[in-house]
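One structure is given here, and the rest of the page talks about it.
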Amino acid sequence: MSTRCSKPISRDECSHSQTVDDEKEGSCICVQCGLVLEQLFLHQAGTNKWEGGMETEFYKTYLFLKDICANGFMPNYLVSYAFSYFKKLRNDAAIKRRKFKDDAVAAFALYETMSRHEIPRTVNEIEYVTGVPSNQLFSIEGCLHFSDTLNNPQDFVERYCSQLANITYFDIKIIKGIVGNMYGMGDVRPNTIVAAIIYLYCKEVDLKQSIKTICEVCGVSSYNVYKIVRNLRSDFSHQISLLYT
């Protein structure tokens, strides 16, 4: 008996959560809508290149991600998405200048991809399964602008607030709500936005947190934070009042 659905799923609506690897054709295919997600595998008759002429080093990175997802009990469909994002990051000028290793960039790509698919893992968990130190993941993150990342700035709030004294779960909830309204900030790094909101919130509710400490935790310069603070300060009390009601 055929298991095919009577009503096919639109490719625009499909989440591509069920995939199959066609080793003969060198493809990763969504079994729900039939979309070819990636040309990923070496053809059996091939030697040292992929379909499309990619070099072997990229194939090794793909296998690295595939092994990580298998060993870490992560959904297999994440491999294609993380690998696509890895290729984009490889072309980022700031990352090229820092000369990060492919495994480190791939680990960061997986970290952000999982967050985007609403199955986030902490940097410590990513470090455990990939062997890439968390400080390298933070360094890669620090190279990117908000418009280049997959993550929303809200994803950074708990990580940073957990390292600051006297900030409660309730405070974190309010800070997340404010950060969630900070779309359209242009080429501003997520950690800079979060640092500015944390600083303004602490000033507003009289929590003692120095700008120096906040910037050290968030890995940003006070100069960049102050630039955002000046733009947001006038409307900040109103932003908080909206979340209290």
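To be explicit about the labels: the chains of the structure tokens are called A, B, and onward in the order shown, and within each one the residues are counted from 1, while ligands get numbers from 1 in the order they are shown.
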Near segment 85-88 of chain A, within 7 Å and counting only C-alpha atoms, which residues show up once chain neighbours fewer than 3 positions away are dropped, as an mmCIF file with N, CA and C atoms, in the first residue's frame?
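Contents of the output file result.cif:
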```cif
data_model
loop_
_atom_site.group_PDB
_atom_site.id
_atom_site.type_symbol
_atom_site.label_atom_id
_atom_site.label_comp_id
_atom_site.auth_asym_id
_atom_site.auth_seq_id
_atom_site.Cartn_x
_atom_site.Cartn_y
_atom_site.Cartn_z
ATOM 1 N N TYR A 81 20.823 22.307 6.324
ATOM 2 C CA TYR A 81 20.682 23.721 6.661
ATOM 3 C C TYR A 81 21.967 24.284 7.262
ATOM 4 N N ALA A 82 22.562 23.528 8.178
ATOM 5 C CA ALA A 82 23.798 23.994 8.808
ATOM 6 C C ALA A 82 24.927 24.096 7.791
ATOM 7 N N ASN A 91 32.366 32.707 3.354
ATOM 8 C CA ASN A 91 32.605 33.847 2.459
ATOM 9 C C ASN A 91 32.541 35.186 3.172
ATOM 10 N N ASP A 92 32.273 35.177 4.483
ATOM 11 C CA ASP A 92 32.211 36.429 5.237
ATOM 12 C C ASP A 92 33.615 37.006 5.404
ATOM 13 N N VAL A 105 33.831 26.989 12.289
ATOM 14 C CA VAL A 105 32.759 27.694 11.566
ATOM 15 C C VAL A 105 31.552 26.775 11.413
ATOM 16 N N ALA A 106 31.796 25.500 11.141
ATOM 17 C CA ALA A 106 30.695 24.548 10.997
ATOM 18 C C ALA A 106 29.953 24.359 12.315
ATOM 19 N N ALA A 109 27.796 27.321 12.785
ATOM 20 C CA ALA A 109 26.660 27.242 11.864
ATOM 21 C C ALA A 109 25.590 26.303 12.416
#
```
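Interatomic distance, atom CA of Val129 of chain A against atom CA of Ile68 of chain A: 6.4 Å.
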> Which value, in Å to one decimal, gives the distance between atom CA of Tyr201 of chain A and atom CA of Val188 of chain A?
Replying inline: 19.1 Å
>> I need the residues in segment 80-241 of chain A that are alpha helix (DSSP H) according to DSSP; give them as an MDAnalysis selection string.
In response: chainID A and resid 80:90 93:98 102:116 123:130 134:143 154:161 169:179 190:204 211:218 222:232 236:241
>> Could you list, as a list in words, every residue within 10 Å of Gln209 of chain A, counting only C-alpha atoms and ignoring same-chain residues fewer than 5 positions away?
In response: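 So the residues in contact are Leu164, Ala165, Asn166, Ile167, Ile198, Tyr199, Leu200, Tyr201, Cys202, Lys203 and Ile214 of chain A.
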Please, could you write that set of residues out with N, CA, C and O atoms as a tab-separated table (two decimals), in the first residue's frame?
```tsv
chain	number	residue	atom	x	y	z
A	164	LEU	N	25.41	37.86	35.08
A	164	LEU	CA	25.35	39.14	35.80
A	164	LEU	C	24.58	38.96	37.10
A	164	LEU	O	23.53	38.33	37.12
A	165	ALA	N	25.11	39.53	38.16
A	165	ALA	CA	24.48	39.38	39.48
A	165	ALA	C	23.19	40.19	39.58
A	165	ALA	O	23.03	41.22	38.91
A	166	ASN	N	22.28	39.69	40.42
A	166	ASN	CA	21.06	40.41	40.81
A	166	ASN	C	20.00	40.52	39.70
A	166	ASN	O	19.02	41.25	39.88
A	167	ILE	N	20.18	39.85	38.59
A	167	ILE	CA	19.16	39.87	37.55
A	167	ILE	C	18.31	38.61	37.68
A	167	ILE	O	18.82	37.49	37.56
A	198	ILE	N	20.25	45.64	28.30
A	198	ILE	CA	20.53	45.26	29.69
A	198	ILE	C	20.95	46.49	30.49
A	198	ILE	O	20.47	46.72	31.62
A	199	TYR	N	21.83	47.28	29.92
A	199	TYR	CA	22.32	48.48	30.62
A	199	TYR	C	21.17	49.46	30.90
A	199	TYR	O	21.01	49.94	32.03
A	200	LEU	N	20.34	49.72	29.89
A	200	LEU	CA	19.23	50.65	30.07
A	200	LEU	C	18.21	50.12	31.08
A	200	LEU	O	17.67	50.88	31.90
A	201	TYR	N	17.96	48.82	31.01
A	201	TYR	CA	17.00	48.23	31.95
A	201	TYR	C	17.50	48.34	33.38
A	201	TYR	O	16.75	48.71	34.30
A	202	CYS	N	18.76	48.02	33.60
A	202	CYS	CA	19.33	48.10	34.94
A	202	CYS	C	19.29	49.52	35.48
A	202	CYS	O	19.02	49.74	36.67
A	203	LYS	N	19.54	50.50	34.63
A	203	LYS	CA	19.45	51.90	35.05
A	203	LYS	C	18.01	52.27	35.41
A	203	LYS	O	17.76	52.98	36.39
A	214	ILE	N	28.93	44.81	32.00
A	214	ILE	CA	27.99	44.35	30.97
A	214	ILE	C	28.72	44.14	29.65
A	214	ILE	O	28.50	43.13	28.96
```
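Within the 8 Å cut-off around Lys66 of chain A, using only C-alpha atoms and omitting residues fewer than 4 positions from it on the same chain, the listed residues are Tyr62, Ala70, Asn76 and Val79 of chain A.
Closest approach to Asn224 of chain A among A:Phe236, A:Gln163, A:Ile193, A:Val205 is made by A:Ile193 (distances from only C-alpha atoms).
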